[in-house]
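**Student:** For reference, the file query21.txt (compact mmCIF, N, CA and C atoms) is included below:
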# COMPACT_ATOMS: atom_id res chain seq x y z
N GLU A 1 -92.74 -150.67 -23.93
CA GLU A 1 -91.67 -151.34 -24.64
C GLU A 1 -91.69 -150.91 -26.11
N VAL A 2 -90.54 -150.48 -26.59
CA VAL A 2 -90.43 -150.09 -27.99
C VAL A 2 -90.53 -151.32 -28.88
N GLN A 3 -91.38 -151.24 -29.89
CA GLN A 3 -91.47 -152.30 -30.88
C GLN A 3 -91.42 -151.68 -32.27
N LEU A 4 -90.60 -152.27 -33.13
CA LEU A 4 -90.46 -151.83 -34.51
C LEU A 4 -90.56 -153.08 -35.38
N VAL A 5 -91.55 -153.10 -36.25
CA VAL A 5 -91.80 -154.29 -37.07
C VAL A 5 -91.73 -153.90 -38.54
N GLU A 6 -90.72 -154.44 -39.21
CA GLU A 6 -90.50 -154.12 -40.62
C GLU A 6 -91.23 -155.10 -41.52
N SER A 7 -91.54 -154.63 -42.72
CA SER A 7 -92.12 -155.50 -43.74
C SER A 7 -91.80 -154.91 -45.11
N GLY A 8 -92.01 -155.72 -46.14
CA GLY A 8 -91.84 -155.24 -47.49
C GLY A 8 -90.61 -155.73 -48.22
N GLY A 9 -89.72 -156.40 -47.51
CA GLY A 9 -88.53 -156.91 -48.19
C GLY A 9 -88.88 -157.98 -49.21
N ASP A 10 -88.05 -158.10 -50.24
CA ASP A 10 -88.35 -159.05 -51.31
C ASP A 10 -87.13 -159.22 -52.20
N LEU A 11 -87.26 -160.11 -53.16
CA LEU A 11 -86.26 -160.28 -54.21
C LEU A 11 -86.70 -159.44 -55.40
N VAL A 12 -85.79 -158.61 -55.90
CA VAL A 12 -86.13 -157.71 -57.01
C VAL A 12 -84.94 -157.63 -57.95
N GLN A 13 -85.21 -157.37 -59.20
CA GLN A 13 -84.13 -157.22 -60.17
C GLN A 13 -83.50 -155.84 -60.06
N ALA A 14 -82.27 -155.74 -60.45
CA ALA A 14 -81.58 -154.45 -60.48
C ALA A 14 -82.38 -153.46 -61.32
N GLY A 15 -82.47 -152.24 -60.82
CA GLY A 15 -83.26 -151.21 -61.48
C GLY A 15 -84.69 -151.14 -60.99
N GLY A 16 -85.10 -152.13 -60.22
CA GLY A 16 -86.45 -152.18 -59.71
C GLY A 16 -86.64 -151.33 -58.46
N SER A 17 -87.85 -151.42 -57.91
CA SER A 17 -88.22 -150.63 -56.74
C SER A 17 -88.86 -151.50 -55.68
N LEU A 18 -88.73 -151.07 -54.44
CA LEU A 18 -89.39 -151.69 -53.30
C LEU A 18 -89.76 -150.60 -52.31
N ARG A 19 -90.81 -150.87 -51.55
CA ARG A 19 -91.19 -149.96 -50.48
C ARG A 19 -91.22 -150.75 -49.17
N LEU A 20 -90.36 -150.36 -48.26
CA LEU A 20 -90.33 -150.97 -46.94
C LEU A 20 -91.23 -150.18 -46.00
N SER A 21 -91.86 -150.90 -45.07
CA SER A 21 -92.69 -150.27 -44.07
C SER A 21 -92.23 -150.70 -42.68
N CYS A 22 -92.49 -149.84 -41.72
CA CYS A 22 -92.16 -150.16 -40.32
C CYS A 22 -93.28 -149.65 -39.43
N ALA A 23 -93.87 -150.54 -38.68
CA ALA A 23 -94.90 -150.17 -37.71
C ALA A 23 -94.24 -150.01 -36.34
N ALA A 24 -94.39 -148.83 -35.76
CA ALA A 24 -93.74 -148.50 -34.49
C ALA A 24 -94.76 -148.42 -33.36
N SER A 25 -94.37 -148.83 -32.19
CA SER A 25 -95.23 -148.72 -31.01
C SER A 25 -94.36 -148.66 -29.76
N GLY A 26 -94.98 -148.22 -28.66
CA GLY A 26 -94.29 -148.20 -27.38
C GLY A 26 -93.58 -146.90 -27.07
N PHE A 27 -93.72 -145.90 -27.92
CA PHE A 27 -93.12 -144.60 -27.66
C PHE A 27 -93.91 -143.54 -28.42
N THR A 28 -93.71 -142.28 -28.03
CA THR A 28 -94.39 -141.18 -28.71
C THR A 28 -93.67 -140.92 -30.02
N PHE A 29 -94.30 -141.34 -31.09
CA PHE A 29 -93.67 -141.43 -32.41
C PHE A 29 -92.99 -140.13 -32.81
N ASP A 30 -93.67 -139.02 -32.65
CA ASP A 30 -93.17 -137.74 -33.17
C ASP A 30 -92.06 -137.16 -32.30
N ASP A 31 -91.80 -137.72 -31.14
CA ASP A 31 -90.79 -137.19 -30.23
C ASP A 31 -89.39 -137.74 -30.50
N TYR A 32 -89.27 -138.68 -31.42
CA TYR A 32 -88.00 -139.35 -31.65
C TYR A 32 -87.62 -139.33 -33.14
N ALA A 33 -86.33 -139.44 -33.36
CA ALA A 33 -85.85 -139.66 -34.72
C ALA A 33 -86.14 -141.11 -35.10
N ILE A 34 -86.44 -141.32 -36.36
CA ILE A 34 -86.71 -142.68 -36.83
C ILE A 34 -86.13 -142.86 -38.21
N GLY A 35 -85.62 -144.05 -38.48
CA GLY A 35 -84.98 -144.24 -39.77
C GLY A 35 -84.66 -145.68 -40.06
N TRP A 36 -83.65 -145.86 -40.91
CA TRP A 36 -83.32 -147.19 -41.40
C TRP A 36 -81.81 -147.43 -41.37
N LEU A 37 -81.48 -148.65 -41.00
CA LEU A 37 -80.11 -149.17 -41.08
C LEU A 37 -80.16 -150.38 -41.99
N ARG A 38 -79.00 -150.82 -42.47
CA ARG A 38 -78.95 -152.06 -43.23
C ARG A 38 -77.65 -152.78 -42.94
N GLN A 39 -77.67 -154.09 -43.14
CA GLN A 39 -76.47 -154.89 -42.94
C GLN A 39 -76.41 -155.97 -44.00
N ALA A 40 -75.36 -155.93 -44.77
CA ALA A 40 -75.12 -156.95 -45.78
C ALA A 40 -74.28 -158.07 -45.17
N PRO A 41 -74.35 -159.27 -45.72
CA PRO A 41 -73.58 -160.39 -45.18
C PRO A 41 -72.10 -160.07 -45.14
N GLY A 42 -71.49 -160.28 -43.98
CA GLY A 42 -70.07 -160.06 -43.83
C GLY A 42 -69.65 -158.61 -43.69
N LYS A 43 -70.63 -157.72 -43.61
CA LYS A 43 -70.31 -156.29 -43.50
C LYS A 43 -70.91 -155.71 -42.23
N GLU A 44 -70.40 -154.55 -41.84
CA GLU A 44 -70.92 -153.87 -40.66
C GLU A 44 -72.28 -153.23 -40.99
N ARG A 45 -73.05 -153.04 -39.92
CA ARG A 45 -74.32 -152.37 -40.10
C ARG A 45 -74.09 -150.93 -40.60
N GLU A 46 -74.89 -150.50 -41.55
CA GLU A 46 -74.73 -149.21 -42.21
C GLU A 46 -75.95 -148.34 -41.98
N TRP A 47 -75.72 -147.10 -41.65
CA TRP A 47 -76.79 -146.11 -41.52
C TRP A 47 -77.28 -145.74 -42.91
N VAL A 48 -78.60 -145.74 -43.13
CA VAL A 48 -79.15 -145.51 -44.47
C VAL A 48 -79.89 -144.18 -44.56
N SER A 49 -80.83 -143.97 -43.65
CA SER A 49 -81.67 -142.78 -43.76
C SER A 49 -82.34 -142.51 -42.43
N CYS A 50 -82.78 -141.26 -42.24
CA CYS A 50 -83.40 -140.90 -40.98
C CYS A 50 -84.27 -139.66 -41.15
N LYS A 51 -85.33 -139.60 -40.38
CA LYS A 51 -86.11 -138.39 -40.24
C LYS A 51 -86.02 -137.96 -38.79
N GLY A 52 -85.64 -136.71 -38.58
CA GLY A 52 -85.54 -136.20 -37.22
C GLY A 52 -86.90 -136.08 -36.56
N SER A 53 -86.89 -135.87 -35.25
CA SER A 53 -88.13 -135.75 -34.49
C SER A 53 -88.91 -134.51 -34.91
N GLY A 54 -90.21 -134.56 -34.68
CA GLY A 54 -91.06 -133.44 -35.04
C GLY A 54 -91.00 -133.15 -36.52
N ALA A 55 -90.74 -131.91 -36.84
CA ALA A 55 -90.60 -131.52 -38.26
C ALA A 55 -89.15 -131.60 -38.70
N GLY A 56 -88.45 -132.58 -38.17
CA GLY A 56 -87.02 -132.73 -38.44
C GLY A 56 -86.71 -133.02 -39.89
N SER A 57 -85.48 -132.78 -40.23
CA SER A 57 -85.00 -132.99 -41.59
C SER A 57 -84.90 -134.47 -41.91
N THR A 58 -84.92 -134.77 -43.20
CA THR A 58 -84.66 -136.12 -43.66
C THR A 58 -83.22 -136.18 -44.17
N LEU A 59 -82.54 -137.22 -43.81
CA LEU A 59 -81.13 -137.38 -44.12
C LEU A 59 -80.90 -138.71 -44.82
N TYR A 60 -79.88 -138.76 -45.66
CA TYR A 60 -79.59 -139.98 -46.42
C TYR A 60 -78.09 -140.23 -46.49
N ALA A 61 -77.74 -141.50 -46.49
CA ALA A 61 -76.36 -141.86 -46.78
C ALA A 61 -76.07 -141.53 -48.23
N ASP A 62 -74.82 -141.19 -48.52
CA ASP A 62 -74.45 -140.85 -49.90
C ASP A 62 -74.76 -142.00 -50.86
N SER A 63 -74.66 -143.21 -50.37
CA SER A 63 -74.85 -144.38 -51.24
C SER A 63 -76.29 -144.54 -51.72
N VAL A 64 -77.24 -143.88 -51.06
CA VAL A 64 -78.64 -144.04 -51.45
C VAL A 64 -79.29 -142.72 -51.84
N LYS A 65 -78.58 -141.63 -51.67
CA LYS A 65 -79.14 -140.31 -51.95
C LYS A 65 -79.60 -140.23 -53.40
N GLY A 66 -80.82 -139.71 -53.59
CA GLY A 66 -81.38 -139.60 -54.93
C GLY A 66 -82.14 -140.83 -55.38
N ARG A 67 -81.98 -141.94 -54.65
CA ARG A 67 -82.67 -143.18 -55.02
C ARG A 67 -83.69 -143.61 -53.96
N PHE A 68 -83.39 -143.34 -52.70
CA PHE A 68 -84.26 -143.74 -51.60
C PHE A 68 -84.95 -142.51 -51.03
N THR A 69 -86.19 -142.71 -50.56
CA THR A 69 -86.94 -141.63 -49.92
C THR A 69 -87.59 -142.16 -48.65
N ILE A 70 -87.34 -141.46 -47.55
CA ILE A 70 -87.96 -141.82 -46.28
C ILE A 70 -89.20 -140.94 -46.07
N SER A 71 -90.23 -141.54 -45.49
CA SER A 71 -91.43 -140.78 -45.17
C SER A 71 -92.09 -141.40 -43.95
N THR A 72 -92.96 -140.62 -43.32
CA THR A 72 -93.65 -141.10 -42.14
C THR A 72 -95.14 -140.81 -42.22
N ASP A 73 -95.91 -141.60 -41.52
CA ASP A 73 -97.33 -141.35 -41.33
C ASP A 73 -97.56 -141.31 -39.83
N ASN A 74 -97.60 -140.12 -39.28
CA ASN A 74 -97.70 -139.98 -37.83
C ASN A 74 -99.02 -140.51 -37.29
N ALA A 75 -100.07 -140.47 -38.09
CA ALA A 75 -101.37 -140.98 -37.65
C ALA A 75 -101.32 -142.49 -37.46
N LYS A 76 -100.48 -143.15 -38.24
CA LYS A 76 -100.38 -144.62 -38.16
C LYS A 76 -99.14 -145.07 -37.40
N ASN A 77 -98.28 -144.13 -36.99
CA ASN A 77 -97.00 -144.49 -36.37
C ASN A 77 -96.20 -145.42 -37.28
N GLU A 78 -96.09 -145.04 -38.51
CA GLU A 78 -95.36 -145.86 -39.48
C GLU A 78 -94.31 -145.02 -40.21
N VAL A 79 -93.25 -145.67 -40.58
CA VAL A 79 -92.20 -145.06 -41.38
C VAL A 79 -91.96 -145.96 -42.59
N TYR A 80 -91.65 -145.33 -43.70
CA TYR A 80 -91.49 -146.04 -44.96
C TYR A 80 -90.14 -145.70 -45.59
N LEU A 81 -89.67 -146.61 -46.41
CA LEU A 81 -88.48 -146.34 -47.20
C LEU A 81 -88.78 -146.76 -48.64
N GLN A 82 -88.97 -145.78 -49.49
CA GLN A 82 -89.17 -146.05 -50.91
C GLN A 82 -87.80 -146.17 -51.57
N MET A 83 -87.54 -147.31 -52.17
CA MET A 83 -86.24 -147.58 -52.76
C MET A 83 -86.40 -147.77 -54.25
N ASN A 84 -85.80 -146.88 -55.01
CA ASN A 84 -85.86 -146.93 -56.48
C ASN A 84 -84.48 -147.18 -57.05
N SER A 85 -84.45 -147.56 -58.30
CA SER A 85 -83.17 -147.81 -58.99
C SER A 85 -82.27 -148.70 -58.15
N LEU A 86 -82.81 -149.78 -57.68
CA LEU A 86 -82.06 -150.66 -56.79
C LEU A 86 -80.87 -151.30 -57.49
N LYS A 87 -79.80 -151.48 -56.73
CA LYS A 87 -78.56 -152.07 -57.23
C LYS A 87 -78.25 -153.33 -56.43
N PRO A 88 -77.49 -154.24 -57.00
CA PRO A 88 -77.11 -155.45 -56.24
C PRO A 88 -76.45 -155.12 -54.90
N GLU A 89 -75.71 -154.03 -54.85
CA GLU A 89 -75.05 -153.65 -53.60
C GLU A 89 -76.01 -153.14 -52.53
N ASP A 90 -77.29 -152.98 -52.89
CA ASP A 90 -78.30 -152.64 -51.90
C ASP A 90 -78.81 -153.89 -51.16
N THR A 91 -78.40 -155.05 -51.60
CA THR A 91 -78.80 -156.29 -50.95
C THR A 91 -78.34 -156.30 -49.50
N ALA A 92 -79.29 -156.48 -48.60
CA ALA A 92 -79.00 -156.43 -47.17
C ALA A 92 -80.27 -156.72 -46.38
N THR A 93 -80.08 -156.93 -45.09
CA THR A 93 -81.22 -156.90 -44.18
C THR A 93 -81.41 -155.46 -43.72
N TYR A 94 -82.62 -154.98 -43.88
CA TYR A 94 -82.93 -153.59 -43.54
C TYR A 94 -83.67 -153.54 -42.20
N TYR A 95 -83.18 -152.66 -41.33
CA TYR A 95 -83.72 -152.53 -39.99
C TYR A 95 -84.31 -151.14 -39.78
N CYS A 96 -85.50 -151.11 -39.24
CA CYS A 96 -86.10 -149.86 -38.79
C CYS A 96 -85.50 -149.53 -37.42
N ALA A 97 -85.18 -148.26 -37.18
CA ALA A 97 -84.52 -147.89 -35.94
C ALA A 97 -85.06 -146.56 -35.42
N MET A 98 -84.96 -146.35 -34.12
CA MET A 98 -85.39 -145.10 -33.51
C MET A 98 -84.41 -144.68 -32.42
N GLY A 99 -84.43 -143.39 -32.10
CA GLY A 99 -83.57 -142.90 -31.04
C GLY A 99 -83.77 -141.42 -30.80
N SER A 100 -82.95 -140.86 -29.94
CA SER A 100 -83.08 -139.46 -29.57
C SER A 100 -82.63 -138.52 -30.70
N SER A 101 -81.82 -139.03 -31.61
CA SER A 101 -81.41 -138.25 -32.77
C SER A 101 -81.02 -139.21 -33.89
N CYS A 102 -80.80 -138.66 -35.07
CA CYS A 102 -80.44 -139.51 -36.22
C CYS A 102 -79.07 -140.15 -36.07
N THR A 103 -78.27 -139.67 -35.13
CA THR A 103 -76.95 -140.29 -34.90
C THR A 103 -76.93 -141.13 -33.63
N LEU A 104 -78.09 -141.26 -33.00
CA LEU A 104 -78.16 -142.02 -31.74
C LEU A 104 -79.36 -142.95 -31.75
N PHE A 105 -79.37 -143.89 -32.69
CA PHE A 105 -80.42 -144.91 -32.67
C PHE A 105 -80.18 -145.83 -31.49
N SER A 106 -81.24 -146.14 -30.75
CA SER A 106 -81.10 -146.98 -29.56
C SER A 106 -81.92 -148.26 -29.63
N SER A 107 -82.86 -148.32 -30.57
CA SER A 107 -83.68 -149.53 -30.71
C SER A 107 -83.90 -149.79 -32.19
N TRP A 108 -84.00 -151.06 -32.53
CA TRP A 108 -84.27 -151.43 -33.92
C TRP A 108 -85.06 -152.73 -33.95
N GLY A 109 -85.64 -153.00 -35.11
CA GLY A 109 -86.49 -154.17 -35.25
C GLY A 109 -85.70 -155.41 -35.64
N GLN A 110 -86.43 -156.41 -36.07
CA GLN A 110 -85.82 -157.69 -36.45
C GLN A 110 -85.30 -157.71 -37.88
N GLY A 111 -85.73 -156.76 -38.67
CA GLY A 111 -85.21 -156.64 -40.02
C GLY A 111 -86.07 -157.31 -41.09
N THR A 112 -85.90 -156.84 -42.31
CA THR A 112 -86.57 -157.43 -43.48
C THR A 112 -85.53 -157.54 -44.59
N GLN A 113 -85.53 -158.66 -45.29
CA GLN A 113 -84.48 -158.95 -46.26
C GLN A 113 -84.81 -158.35 -47.62
N VAL A 114 -83.85 -157.65 -48.17
CA VAL A 114 -83.94 -157.13 -49.53
C VAL A 114 -82.81 -157.75 -50.34
N THR A 115 -83.18 -158.39 -51.42
CA THR A 115 -82.19 -158.99 -52.31
C THR A 115 -82.38 -158.43 -53.70
N VAL A 116 -81.31 -157.89 -54.27
CA VAL A 116 -81.35 -157.30 -55.59
C VAL A 116 -80.48 -158.15 -56.51
N SER A 117 -81.10 -158.74 -57.51
CA SER A 117 -80.36 -159.60 -58.43
C SER A 117 -79.88 -158.79 -59.63
N SER A 118 -78.73 -159.19 -60.14
CA SER A 118 -78.15 -158.46 -61.28
C SER A 118 -78.65 -159.02 -62.60
Let me see the file written as structure tokens.

**Tutor:**
Amino acid sequence: EVQLVESGGDLVQAGGSLRLSCAASGFTFDDYAIGWLRQAPGKEREWVSCKGSGAGSTLYADSVKGRFTISTDNAKNEVYLQMNSLKPEDTATYYCAMGSSCTLFSSWGQGTQVTVSS
């Protein structure tokens, strides 16, 4: 059974930084794409970032490019999202997700809340 457990969400001031973590289990970590989605209140879920399987590329939504960095630790089966220069519009629940490709996430976790105050 695929399990994705996020942590690291918090309340932070605009301009600040946070690092989200996701512990993955139940699948061969390096065989799948893994990344992050987010959903703000009243809005649709948004694709944020992804690392492709194996030595796959890292991809970012235009809204976070240059500010967020995705990384993985294959030995720990963990994925991280370093978020810098946070803006109030980054406020959302952030979900760790996995799938066969960066455009086909099929499982995600329960989410961790990030709130950015102005």

**Student:** For the point (-80.1, -139.2, -34.0) in the file's frame, write as a ChimeraX atom specification all residues with an atom no more than 12 Å away, counting only C-alpha atoms.

**Tutor:** /A:31-36,47,49-53,56-59,97-107

**Student:** Calculated over only N, CA and C atoms, which of the candidates A:Ser63, A:Glu1, A:Arg19, A:Ser7 has the smallest distance to Gln82 (chain A)?

**Tutor:** A:Arg19

**Student:** Between CA of Asp90 (chain A) and CA of Val116 (chain A), measure the distance and give it in Å to one decimal.

**Tutor:**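 For CA of Asp90 (chain A) relative to CA of Val116 (chain A), the distance reads 6.7 Å.
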
**Student:** What is the CA of Val12 (chain A)-CA of Asn84 (chain A) distance in Å, reported with one decimal?

**Tutor:**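 Separation between CA of Val12 (chain A) and CA of Asn84 (chain A): 10.8 Å.
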
**Student:** For CA of Gly16 (chain A) and CA of Leu4 (chain A), determine how far apart the two atoms are, in Å to one decimal place.

**Tutor:**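 Those two atoms sit 25.5 Å apart.
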